[in-house]
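Below is one structure, written out as structure tokens, with a few remarks after it.
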Amino acid sequence: MIRSTSLPLYVTLATFVIAYALCASAYPAMLSTRVAANLLTDNAFLGIAAVGMTFVILSGGIDLSVGSVIAFTGVFLAVLLRDTSIHPLAAFAIVLALTTGFGAAMGAIIHHLEMPPFIVTLAGMFLARGAAYVLSVDSVPITHEFYDWLQDIYWKAPSGGRFRLTGALMVLTFLGGILVAHRTRFGQNVYALGGGAQTARLMGVPLGRTTIGIYAISGGLSGLAGIVFSLYTSAGYSLAAVGVELDAIAAVVIGGTLLTGGTGFVAGTFFGILIMGLIQTYIVFDGTLSSWWTKIVIGALLFTFILLQKGLTWATTLRRRPAPGSPMPS
Amino acid sequence: MAAPHAPLRRLAPQIIILAAVLALNLAVFPDFFRIEFQNGRLFGNLIDVLNRGAPTALLAIGMTLVIATRGIDLSVGAVMAIAGAVAAKIVVDGHGWGTALLGALAAGGACGLWNGVLVAWLRIQPIVATLVLMVAGRGVAQLVTEGTILTFLNEGLIHLGAGTILGMPTPVVIWIALGAGVTWAVRRTALGLLIEAIGINESASRLAGINAKVLLTCVYLVSGLCAALAGVIVAADIKGADANNAGLWLELDAILAVVIGGNSLLGGRFSITASLLGALIIQSVNSAILLSGMPPEFNLVIKALIILVILVIQSPRIGHWLYILRASGGDPAPRRKTPVKETAR
Amino acid sequence: MTDPVRPVLHARGITKFFPGAIALADVELALHPGEVHALLGENGAGKSTLIKCLTGAYACDGGVVELDGQLVDPGSTQESQKLGIGTVYQEVNLLPNLTVAENLFLGRQPTRWGMISRRRMAAEAAEVLAGYGLDIDVREPLSHYSVAVQQVVAIARAVEMSGRVLILDEPTASLDQGEVELVFDVIRRLKARGLAIVFITHFLDQVFAICDRATVLRNGHVVGTRALADCAPRDIVHLMLGRQLESEVRERHGGQGGEVLAEIDGLGRRGMIEPFSMRIRQGEVIGLAGLLGAGRTETANLIFGAVQADQGGVRLRGRALSLKGPRDAIAARFALCPEDRKTDGIIGDLSVRDNIILALQARQGWARPIPRAKVEEIAQGYVRALDIRAASLDMPIRLLSGGNQQKALLARWLATEPELLILDEPTRGIDVGAHAEIIQLIERLREEGMSLIVASSEIEELVAYSTRVIVLRDRVQVAELEGGEITAGNIVRAIADEDREVA
């Protein structure tokens, strides 16, 4: 049985399947495992960041700092590995702690100063990007054998596709995100917050703890996305990943999550990411289409999904079910 | 509370902050206030602040109105890129600068209208509605420029960004004139009152007979037009339309200017003058960093810290604490948080 | 006290000061197990303050609360909930986006290995709700169900979490008759389970239908606690108002009004209100009576164009009007003071002055601002005429009391010099003094030749000022009373007929 709340998820899924089918009918090569593998690898960092963004948006907030944090993480890792002899794993731990703490701090400001997330994370965006600039203005290459080793881990599918570690990491993040969102009290509190902060408070949801947790997750996952991005590009550059937060928001919305918060699925974001990746892949395959069509098509998709959600909310408020067999006065 | 007859009190915080930042500028660069007149043009750091702040100031005019209606316009940066691209395309195709300006304004107006229709008629949340154009807008701009930086040599168009009027750089004249014009238009007519009413309580405003839909649409239209003007100025300044970078993240600066101007993101009472002062504050900070010889890398960090300070000052929670401090004035603190405070959600 | 059974909850000497006012003075309230106890009083009598003191939302300035003989001092709603005092408010305080089961178990979900067991949660939720006579799919979002069902879920949550005392703060205010029965059914079940229930409502008939005892508050004092079995509604009303109702009824000045101002012909909207017709003469007050949800507000909104009709039309002095929205109605010199003052009436952050001139300014259009001197003249004039008490015309209207806000709204519409003034619940939630003034104003406006339509749930009030009363029931006009027929008894009879037919 399809519940109306999960309808956007099914629409996203159907969109993906239909889009893939259309692409494959135009270019049968797109059915190869290579394309599938690249889809995962190329979008791994975006996907991981989008999981965090899903939590933020589910709670009714927004996090504009994602792209900057990714850039900061890359530069921080690159500089750390260049200037010290620290092992990359230790560096990963440090940077994850930093970004998680950074997210938590933004959450704390949002909660304790009662300021809109939009402005607070805007400050966070400037701060993280600025910190990256301060560390290094130029692109810093990362050369470390551990990096080479990590980049060389892959599983080669029969027809030549290479499924890399980062892609797996993204899938794992999504699975973890789904579990946290739907099967933990914290996840439920996130939904509750998105449904209405005042009501959630009256119902005993710890607003402060939840808000801080949400932005800590988003910060930490942005850090993880930064690590994946540095593995992907083998460099840290303070101008990298500009506007990734917009792509992440778009993926979340295309994935069927209501931007006003409270309704949506982490799994939907996964397909949102895949749909956006598919558009890019198609444009590469086509060769004659220019890259800017990606933006236009994503914008159009965004618009369609926003309209769809609008229609759905409108439809559900129109027909509320009365109590079945409500007793009549006797 | 900003009573109409006390505009100075309303603007005092912005004026003080601006004065402080300018004083800081003076401290790091003693010649900061020197203005020279050479070759029929005013030169000086102050003039630079006014000139460089033009795009943000123009955006802030429209953004103030949008935010007053409880909305937000994320698309202005992208609209700037579109308008710049359209203007460049028109002069490259051999038309005059007037046509180019009109074309750019038409493009910006169309974008604003699109946002307005989504917000007012389809009742889509402003942040969501304008996100669409923010994402797609640069793609559209690139479609116009065909992916290149479209350069042009049209004197008239370049004059809009790099020329002077009576010795003053043209952008400065444009934003001051537009700011004054819009302020005059909303305060000399009832527009300001009606816009504020919509921002505070749209449903009640509609029942009181205010044409909320049309007004909302107009507000986004004005924001689009302001963005178009800013886009033309930026393109004229570099003599080319760069669809990727023109107005990049300027929407955030504009929103920041409005917030520094003391306008609530929750809509309601607004002051365009305060927003313009906010834009000048942002630009003065930029110039202070530049002049102090600090690496420009610190620019963003300092901007972030300034936002934080302003956030803390404007936070309702802090305001509440201050209120309690002042009200209790030595009395023992209340046993518990007694009255449930009225918060603006 | 001389109660034979020890009360579950016993509050004594509860006192609460607000800046410049005593909200509660030495209030005593005793709740017995298995009792439904009505808490009555006019608006501002101190009902909600008392509730907030009991549930820990406010700290009281004096007095003690005993729960099962133990002194308690809850510091927050959460704490009082843990102690066993659950509260359900008029607006459902649940999350519409979560499922019914999630709402019931938020914060105490059944877990397995640290993960929420959704299956167990759904099964337990269904079981719990079955105990309340509710058989619904608990996996659906709460927003899919009617307000009554949501209210029952809210009650179930409060009871499951607390289980000793249940406070119901106007739970039936936005329910229709059938839905009220659903909630009453649940209350009876809980009563049988031995809960002590506080029931707050404005509907006296509901008090007598479900409650055992009633405590009446007036101006922060308890004026009496009565067993309802041996007293009549009239006694309770006297306690609440502290005066004879008869004094409210004024002598009616006869007359059917002047010439016909407007004719409404088959105006209606599917799913909202059946088509209705009426003639409105100059200088008459048409009262709209009926239970909540009977269609009073819908009728008012339709005539004003706040909601667009999908059939029928309005003729003004014989000429057909096209009412596409409030703007058209205002242009035709109609005016509507809406029912929900806060969300549909005042513009909270704007000054009293701006609020008063808003409708006039909106009609004039943005391009023709009203000169400042004229604004001042209009605002001052109405402040004097209606006795609006505000420290300054510059202060935001949200800081005014309910009665003064209502008067300012009346001023807003009177400034447009309407020919037809529609008032929807003009006296709801305002103090007694302003109440009387507004009723006098209605009289005065009628005498001056204005036509008025007044929708109200206060029948005595309708009797006082109406020259004609239209009774609505289930979105249909069922009766029209004129002249001498207009008595409280006749109106109640017309409203109540329905119950006999359905049963």
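Going through the structure tokens in order, the chains are called A, B, and so on, while each chain numbers its residues from 1 and the ligands are numbered from 1 in the order shown.
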
**OP:** Please identify all polymer residues within 6 Å of Ile198 in chain B, counting only C-alpha atoms, omitting same-chain residues fewer than 4 positions from it, and present them as a PyMOL selection string.
**Re:** chain B and resi 69+202+205

Same residues, C-alpha atoms, saved as a PDB file, in the first residue's frame:
ATOM      1  CA  THR B  69       7.048  40.996   3.335  1.00  0.00           C
ATOM      2  CA  GLU B 202      -0.794  38.495   5.437  1.00  0.00           C
ATOM      3  CA  SER B 205      -4.010  42.295   5.462  1.00  0.00           C
TER       4      SER B 205
END

Subject >> Spatial neighbours of range 78-89 of chain A, max dist 9 Å, only C-alpha atoms, sep filter under 5 positions, as a PyMOL selection string >> reply: chain A and resi 73+94+135-136+139-144+146-147+230+234-237

**OP:** Name the residues in contact with range 169-174 of chain A at a cut-off of 8 Å, using only C-alpha atoms, excluding same-chain residues fewer than 3 positions from it; report them as a PyMOL selection string.
**Re:** chain A and resi 40+44-45+47-48+51+165-166+177-178+266-267+270

Report as a tab-separated table: every residue of chain A with an atom at most 9 Å from chain B, its closest pair of atoms, and their distance in Å to one decimal, counting only C-alpha atoms, with rows sorted by chain and ascending residue number.
residue	atom	partner	partner_atom	distance
A:Ile109	CA	B:Val312	CA	8.9
A:His112	CA	B:Arg317	CA	7.5
A:Leu113	CA	B:Ser315	CA	5.5
A:Glu114	CA	B:Arg317	CA	6.5
A:Met115	CA	B:Ser315	CA	6.3
A:Pro116	CA	B:Leu265	CA	8.3
A:Ile119	CA	B:Leu256	CA	8.0
A:Val120	CA	B:Leu308	CA	7.6
A:Leu122	CA	B:Leu252	CA	7.6
A:Ala123	CA	B:Ala304	CA	4.5
A:Gly124	CA	B:Ala304	CA	6.8
A:Met125	CA	B:Ala304	CA	7.9
A:Phe126	CA	B:Leu300	CA	5.1
A:Leu127	CA	B:Val301	CA	4.7
A:Ala128	CA	B:Val301	CA	7.7
A:Arg129	CA	B:Leu300	CA	7.0
A:Gly130	CA	B:Leu300	CA	4.6
A:Ala131	CA	B:Val301	CA	6.5
A:Ala132	CA	B:Glu297	CA	8.5
A:Tyr133	CA	B:Glu297	CA	5.1
A:Val134	CA	B:Glu297	CA	5.4
A:Leu135	CA	B:Glu297	CA	8.9
A:Ser136	CA	B:Glu297	CA	8.7
A:Val137	CA	B:Glu297	CA	7.5
A:Ala197	CA	B:Arg345	CA	8.3
A:Gln198	CA	B:Arg345	CA	7.9
A:Leu246	CA	B:Val135	CA	7.1
A:Asp247	CA	B:Val135	CA	8.2
A:Ala250	CA	B:Val135	CA	8.3
A:Leu259	CA	B:Val128	CA	7.0
A:Thr260	CA	B:Gln125	CA	8.1
A:Ser290	CA	B:Gly147	CA	7.9
A:Ser291	CA	B:Gly139	CA	8.4
A:Trp292	CA	B:Gly139	CA	4.6
A:Trp293	CA	B:Gly139	CA	6.2
A:Thr294	CA	B:Gly139	CA	7.5
A:Lys295	CA	B:Ala136	CA	5.0
A:Ile296	CA	B:Ala136	CA	4.5
A:Val297	CA	B:Ala136	CA	7.5
A:Ile298	CA	B:Ala136	CA	7.0
A:Gly299	CA	B:Ala136	CA	4.5
A:Ala300	CA	B:Ala136	CA	7.4
A:Leu301	CA	B:Val132	CA	8.9
A:Leu302	CA	B:Val132	CA	6.3
A:Phe303	CA	B:Val132	CA	6.1
A:Ile306	CA	B:Val128	CA	7.8
A:Leu307	CA	B:Ile124	CA	8.2
A:Lys310	CA	B:Ile124	CA	7.3

Keeping N, CA and C atoms for every residue in the selection just given, could you write it to a file as a tab-separated table (two decimals), in the first residue's frame?
chain	number	residue	atom	x	y	z
A	109	ILE	N	24.52	27.95	18.57
A	109	ILE	CA	24.17	29.36	18.37
A	109	ILE	C	22.72	29.48	17.90
A	112	HIS	N	20.58	28.55	21.11
A	112	HIS	CA	20.65	29.41	22.31
A	112	HIS	C	20.40	30.87	22.00
A	113	LEU	N	20.79	31.32	20.81
A	113	LEU	CA	20.53	32.73	20.49
A	113	LEU	C	19.23	32.90	19.72
A	114	GLU	N	18.54	31.79	19.46
A	114	GLU	CA	17.26	31.85	18.74
A	114	GLU	C	17.39	32.60	17.43
A	115	MET	N	18.46	32.32	16.69
A	115	MET	CA	18.65	32.99	15.41
A	115	MET	C	18.32	32.04	14.27
A	116	PRO	N	17.87	32.58	13.14
A	116	PRO	CA	17.53	31.71	12.01
A	116	PRO	C	18.77	30.97	11.50
A	119	ILE	N	21.01	32.50	8.62
A	119	ILE	CA	22.04	33.51	8.87
A	119	ILE	C	23.23	32.90	9.61
A	120	VAL	N	22.94	32.03	10.57
A	120	VAL	CA	24.04	31.45	11.35
A	120	VAL	C	24.94	30.61	10.45
A	122	LEU	N	25.21	30.90	7.33
A	122	LEU	CA	25.86	31.82	6.38
A	122	LEU	C	27.17	32.32	6.98
A	123	ALA	N	27.12	32.69	8.26
A	123	ALA	CA	28.35	33.08	8.95
A	123	ALA	C	29.33	31.92	8.95
A	124	GLY	N	28.80	30.70	9.21
A	124	GLY	CA	29.66	29.52	9.21
A	124	GLY	C	30.30	29.30	7.85
A	125	MET	N	29.54	29.58	6.80
A	125	MET	CA	30.05	29.44	5.44
A	125	MET	C	31.23	30.37	5.22
A	126	PHE	N	31.07	31.63	5.62
A	126	PHE	CA	32.16	32.60	5.47
A	126	PHE	C	33.37	32.17	6.30
A	127	LEU	N	33.08	31.74	7.53
A	127	LEU	CA	34.15	31.41	8.46
A	127	LEU	C	34.97	30.23	7.92
A	128	ALA	N	34.29	29.16	7.50
A	128	ALA	CA	35.01	27.97	7.04
A	128	ALA	C	35.80	28.29	5.77
A	129	ARG	N	35.17	29.01	4.85
A	129	ARG	CA	35.87	29.34	3.60
A	129	ARG	C	37.05	30.26	3.91
A	130	GLY	N	36.83	31.20	4.81
A	130	GLY	CA	37.90	32.12	5.18
A	130	GLY	C	39.05	31.37	5.83
A	131	ALA	N	38.72	30.42	6.71
A	131	ALA	CA	39.77	29.65	7.37
A	131	ALA	C	40.57	28.87	6.34
A	132	ALA	N	39.87	28.36	5.33
A	132	ALA	CA	40.57	27.63	4.26
A	132	ALA	C	41.54	28.57	3.53
A	133	TYR	N	41.07	29.79	3.23
A	133	TYR	CA	41.93	30.78	2.57
A	133	TYR	C	43.17	31.05	3.41
A	134	VAL	N	42.91	31.23	4.72
A	134	VAL	CA	44.01	31.59	5.61
A	134	VAL	C	45.06	30.48	5.61
A	135	LEU	N	44.60	29.22	5.56
A	135	LEU	CA	45.54	28.11	5.55
A	135	LEU	C	46.37	28.10	4.27
A	136	SER	N	45.69	28.28	3.15
A	136	SER	CA	46.42	28.33	1.88
A	136	SER	C	45.52	28.88	0.79
A	137	VAL	N	46.05	29.81	0.03
A	137	VAL	CA	45.28	30.37	-1.07
A	137	VAL	C	45.39	29.48	-2.30
A	197	ALA	N	8.55	23.31	16.29
A	197	ALA	CA	9.49	23.31	17.42
A	197	ALA	C	8.76	23.48	18.74
A	198	GLN	N	7.77	24.40	18.78
A	198	GLN	CA	7.08	24.65	20.04
A	198	GLN	C	6.33	23.41	20.52
A	246	LEU	N	24.22	24.01	-2.41
A	246	LEU	CA	23.04	24.13	-3.27
A	246	LEU	C	22.72	22.80	-3.93
A	247	ASP	N	23.77	22.10	-4.42
A	247	ASP	CA	23.54	20.79	-5.02
A	247	ASP	C	22.94	19.84	-4.00
A	250	ALA	N	19.37	20.69	-3.45
A	250	ALA	CA	18.59	20.24	-4.61
A	250	ALA	C	18.36	18.74	-4.55
A	259	LEU	N	10.99	21.01	1.96
A	259	LEU	CA	11.97	22.01	2.43
A	259	LEU	C	11.50	22.70	3.71
A	260	THR	N	10.21	22.61	4.00
A	260	THR	CA	9.73	23.22	5.24
A	260	THR	C	9.96	22.32	6.44
A	290	SER	N	25.87	21.51	-23.82
A	290	SER	CA	26.82	22.23	-22.99
A	290	SER	C	26.55	21.96	-21.52
A	291	SER	N	27.57	22.19	-20.74
A	291	SER	CA	27.51	21.79	-19.33
A	291	SER	C	26.43	22.56	-18.58
A	292	TRP	N	26.13	23.80	-19.06
A	292	TRP	CA	25.17	24.59	-18.29
A	292	TRP	C	23.77	24.02	-18.32
A	293	TRP	N	23.53	23.12	-19.24
A	293	TRP	CA	22.20	22.49	-19.24
A	293	TRP	C	21.96	21.73	-17.95
A	294	THR	N	23.06	21.25	-17.33
A	294	THR	CA	22.90	20.55	-16.05
A	294	THR	C	22.14	21.43	-15.06
A	295	LYS	N	22.63	22.67	-14.93
A	295	LYS	CA	22.00	23.57	-13.97
A	295	LYS	C	20.54	23.81	-14.31
A	296	ILE	N	20.29	24.02	-15.60
A	296	ILE	CA	18.92	24.34	-15.99
A	296	ILE	C	18.00	23.15	-15.72
A	297	VAL	N	18.48	21.96	-16.08
A	297	VAL	CA	17.63	20.78	-15.87
A	297	VAL	C	17.40	20.53	-14.38
A	298	ILE	N	18.47	20.69	-13.59
A	298	ILE	CA	18.30	20.49	-12.14
A	298	ILE	C	17.32	21.51	-11.58
A	299	GLY	N	17.44	22.76	-12.07
A	299	GLY	CA	16.49	23.79	-11.64
A	299	GLY	C	15.07	23.40	-11.99
A	300	ALA	N	14.89	22.89	-13.21
A	300	ALA	CA	13.55	22.50	-13.64
A	300	ALA	C	13.02	21.35	-12.79
A	301	LEU	N	13.91	20.39	-12.50
A	301	LEU	CA	13.50	19.25	-11.65
A	301	LEU	C	13.08	19.74	-10.27
A	302	LEU	N	13.90	20.64	-9.75
A	302	LEU	CA	13.62	21.22	-8.44
A	302	LEU	C	12.22	21.83	-8.44
A	303	PHE	N	11.96	22.59	-9.47
A	303	PHE	CA	10.68	23.26	-9.61
A	303	PHE	C	9.54	22.25	-9.65
A	306	ILE	N	8.99	20.71	-6.25
A	306	ILE	CA	8.38	21.66	-5.32
A	306	ILE	C	6.88	21.77	-5.61
A	307	LEU	N	6.55	21.84	-6.89
A	307	LEU	CA	5.13	21.90	-7.27
A	307	LEU	C	4.40	20.64	-6.84
A	310	LYS	N	3.78	20.72	-3.22
A	310	LYS	CA	2.74	21.71	-2.95
A	310	LYS	C	1.37	21.07	-3.19

**OP:** Pick out the residues sitting within 6 Å of Gly267 in chain B, and hand them over as JSON, numbers by chain; count only C-alpha atoms, and ignore anything fewer than 4 positions along from it in its own chain.
**Re:** {"B": [67, 68, 69, 70, 199]}

Would you export the selected residues with N, CA and C atoms as a PDB file, in the first residue's frame, please?
ATOM      1  N   ILE B  67      12.256  41.239   2.113  1.00  0.00           N
ATOM      2  CA  ILE B  67      12.329  40.737   3.492  1.00  0.00           C
ATOM      3  C   ILE B  67      11.228  41.363   4.354  1.00  0.00           C
ATOM      4  N   ALA B  68      10.848  42.599   4.032  1.00  0.00           N
ATOM      5  CA  ALA B  68       9.765  43.233   4.791  1.00  0.00           C
ATOM      6  C   ALA B  68       8.461  42.463   4.637  1.00  0.00           C
ATOM      7  N   THR B  69       8.277  41.780   3.514  1.00  0.00           N
ATOM      8  CA  THR B  69       7.048  40.996   3.335  1.00  0.00           C
ATOM      9  C   THR B  69       7.209  39.592   3.902  1.00  0.00           C
ATOM     10  N   ARG B  70       8.215  39.386   4.693  1.00  0.00           N
ATOM     11  CA  ARG B  70       8.511  38.085   5.286  1.00  0.00           C
ATOM     12  C   ARG B  70       9.059  37.101   4.263  1.00  0.00           C
ATOM     13  N   GLY B 199       3.795  41.824   5.575  1.00  0.00           N
ATOM     14  CA  GLY B 199       4.874  41.074   6.224  1.00  0.00           C
ATOM     15  C   GLY B 199       4.503  40.629   7.621  1.00  0.00           C
TER      16      GLY B 199
END

Subject >> range 87-98 of chain B environment, 8 Å, only C-alpha atoms, sequence neighbours closer than 4 positions dropped, as a list in words >> reply: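 Near neighbours after the sequence-gap exclusion: Ala83, Leu102, Gly103, Ala104, Val144, Thr145, Leu150, Thr151, Phe152, Asn154, Gly156, Leu157, Val232, Ala235, Gly240 and Ala241 of chain B.
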
Filtering to C-alpha atoms, could you give me those residues as a short mmCIF file (atom, residue, chain, number, x, y, z; two decimals), in the first residue's frame?
data_model
loop_
_atom_site.label_atom_id
_atom_site.label_comp_id
_atom_site.auth_asym_id
_atom_site.auth_seq_id
_atom_site.Cartn_x
_atom_site.Cartn_y
_atom_site.Cartn_z
CA ALA B 83 20.97 40.58 -16.82
CA LEU B 102 16.22 47.96 -21.35
CA GLY B 103 16.82 44.36 -22.36
CA ALA B 104 18.66 43.63 -19.11
CA VAL B 144 22.99 33.48 -23.30
CA THR B 145 26.77 33.91 -23.28
CA LEU B 150 31.18 37.85 -23.44
CA THR B 151 33.31 41.00 -23.77
CA PHE B 152 32.15 44.23 -25.34
CA ASN B 154 30.28 49.70 -26.20
CA GLY B 156 27.70 53.83 -23.43
CA LEU B 157 27.32 50.56 -21.59
CA VAL B 232 24.61 45.63 -15.78
CA ALA B 235 29.29 43.66 -16.40
CA GLY B 240 32.24 41.72 -20.13
CA ALA B 241 29.57 39.33 -18.90
#

**OP:** Taking the DSSP assignment computed from this structure's backbone, write out as a VMD selection string all residues of range 209-458 of chain C that belong to strand (DSSP E or B).
**Re:** chain C and resid 213 to 218 221 to 227 260 to 269 273 to 281 285 to 289 311 to 316 319 to 321 334 to 337 351 396 420 to 424 451 to 455

Subject >> Spatial neighbours of Ala60 in chain B, 6 Å, only C-alpha atoms, chain gap at least 4 places, as a VMD selection string >> reply: chain B and resid 56 64 254

Subject >> Nearby residues (only C-alpha atoms) at most 12 Å from Ile200 in chain C, same-chain spacing under 3 positions excluded, as JSON, numbers by chain >> reply: {"C": [36, 37, 38, 39, 40, 41, 42, 43, 46, 47, 48, 50, 51, 87, 88, 89, 90, 166, 167, 168, 169, 170, 171, 172, 173, 197, 203, 204, 206, 207, 210, 211, 213, 214, 215, 216, 217]}

**OP:** Mind listing the helix (DSSP H, G or I) residues of range 43-224 of chain A, per DSSP on the backbone, as a ChimeraX atom specification?
**Re:** /A:44-58,66-83,88-112,117-135,145-151,165-183,185-195,197-202,207-224

Can you build me a table of chain C residues sitting at most 7 Å from chain B, with the closest atom pair per residue and its distance in Å to one decimal, using only C-alpha atoms, sorted by chain and residue number, as a Markdown table?
| residue | atom | partner | partner_atom | distance |
| --- | --- | --- | --- | --- |
| C:Tyr58 | CA | B:Thr338 | CA | 5.6 |
| C:Ala59 | CA | B:Thr338 | CA | 6.2 |
| C:Ala306 | CA | B:Leu207 | CA | 6.7 |
| C:Pro326 | CA | B:Gly209 | CA | 5.5 |
| C:Arg327 | CA | B:Gly209 | CA | 4.7 |
| C:Ile330 | CA | B:Gly209 | CA | 6.7 |
| C:Thr343 | CA | B:Ala204 | CA | 6.4 |
| C:Asp344 | CA | B:Ala204 | CA | 4.0 |
| C:Gly345 | CA | B:Ala204 | CA | 4.9 |
| C:Ile346 | CA | B:Ala204 | CA | 6.5 |
| C:Ile347 | CA | B:Asn201 | CA | 5.6 |
| C:Gly348 | CA | B:Ile200 | CA | 6.9 |
| C:Asp349 | CA | B:Ile200 | CA | 6.6 |
| C:Leu358 | CA | B:Ala208 | CA | 6.9 |
| C:Ala359 | CA | B:Ala208 | CA | 4.9 |
| C:Ala362 | CA | B:Ile210 | CA | 5.2 |
| C:Arg363 | CA | B:Gly209 | CA | 6.5 |
| C:Trp366 | CA | B:Ala190 | CA | 4.6 |
| C:Ala367 | CA | B:Thr189 | CA | 5.4 |
| C:Arg368 | CA | B:Thr189 | CA | 6.3 |
| C:Pro369 | CA | B:Ala190 | CA | 5.0 |
| C:Asp394 | CA | B:Ala3 | CA | 7.0 |

Subject >> At most 6 Å to chain A: residues in chain C, only C-alpha atoms, as a PyMOL selection string >> reply: chain C and resi 93+95+97+115-116+144-146+149+178+503

Using the selection just defined, write its residues with N, CA and C atoms as a PDB file, in the first residue's frame.
ATOM      1  N   ASN C  93      -1.902  19.797  20.497  1.00  0.00           N
ATOM      2  CA  ASN C  93      -0.461  19.947  20.606  1.00  0.00           C
ATOM      3  C   ASN C  93       0.252  18.653  20.267  1.00  0.00           C
ATOM      4  N   LEU C  95       2.132  16.553  16.660  1.00  0.00           N
ATOM      5  CA  LEU C  95       2.821  16.898  15.418  1.00  0.00           C
ATOM      6  C   LEU C  95       2.106  16.275  14.231  1.00  0.00           C
ATOM      7  N   ASN C  97       2.882  15.988  11.227  1.00  0.00           N
ATOM      8  CA  ASN C  97       3.676  15.284  10.218  1.00  0.00           C
ATOM      9  C   ASN C  97       4.083  13.882  10.660  1.00  0.00           C
ATOM     10  N   MET C 115      17.421   0.265  18.878  1.00  0.00           N
ATOM     11  CA  MET C 115      16.687   0.753  17.714  1.00  0.00           C
ATOM     12  C   MET C 115      15.191   0.721  18.014  1.00  0.00           C
ATOM     13  N   ILE C 116      14.480   1.676  17.454  1.00  0.00           N
ATOM     14  CA  ILE C 116      13.041   1.695  17.666  1.00  0.00           C
ATOM     15  C   ILE C 116      12.413   0.525  16.931  1.00  0.00           C
ATOM     16  N   HIS C 144      -3.839  13.253   8.674  1.00  0.00           N
ATOM     17  CA  HIS C 144      -4.871  12.652   7.835  1.00  0.00           C
ATOM     18  C   HIS C 144      -6.197  12.506   8.566  1.00  0.00           C
ATOM     19  N   TYR C 145      -6.193  12.757   9.851  1.00  0.00           N
ATOM     20  CA  TYR C 145      -7.414  12.534  10.619  1.00  0.00           C
ATOM     21  C   TYR C 145      -8.045  13.853  11.067  1.00  0.00           C
ATOM     22  N   SER C 146      -9.301  13.782  11.381  1.00  0.00           N
ATOM     23  CA  SER C 146     -10.035  14.977  11.782  1.00  0.00           C
ATOM     24  C   SER C 146      -9.528  15.486  13.133  1.00  0.00           C
ATOM     25  N   VAL C 149     -10.353  13.265  16.136  1.00  0.00           N
ATOM     26  CA  VAL C 149      -9.485  12.101  16.304  1.00  0.00           C
ATOM     27  C   VAL C 149      -8.144  12.546  16.861  1.00  0.00           C
ATOM     28  N   GLY C 178     -21.116  15.881  16.575  1.00  0.00           N
ATOM     29  CA  GLY C 178     -20.785  14.457  16.556  1.00  0.00           C
ATOM     30  C   GLY C 178     -19.407  14.212  17.124  1.00  0.00           C
ATOM     31  N   ALA C 503     -30.920  11.395  16.567  1.00  0.00           N
ATOM     32  CA  ALA C 503     -30.817  10.325  17.541  1.00  0.00           C
ATOM     33  C   ALA C 503     -31.712   9.142  17.200  1.00  0.00           C
TER      34      ALA C 503
END

Subject >> Closest of C:Gly266, C:Cys231, C:Ala294, C:Leu190 to Leu175 in chain C - atom-to-atom distances counting only C-alpha atoms >> reply: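 So, comparing all the options, the nearest one is C:Ala294.
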
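The smallest atom-to-atom distance between Ala274 in chain B and any of B:Ala162, B:Ile47, B:Leu18, B:Ile238, using only C-alpha atoms, is found for B:Leu18.
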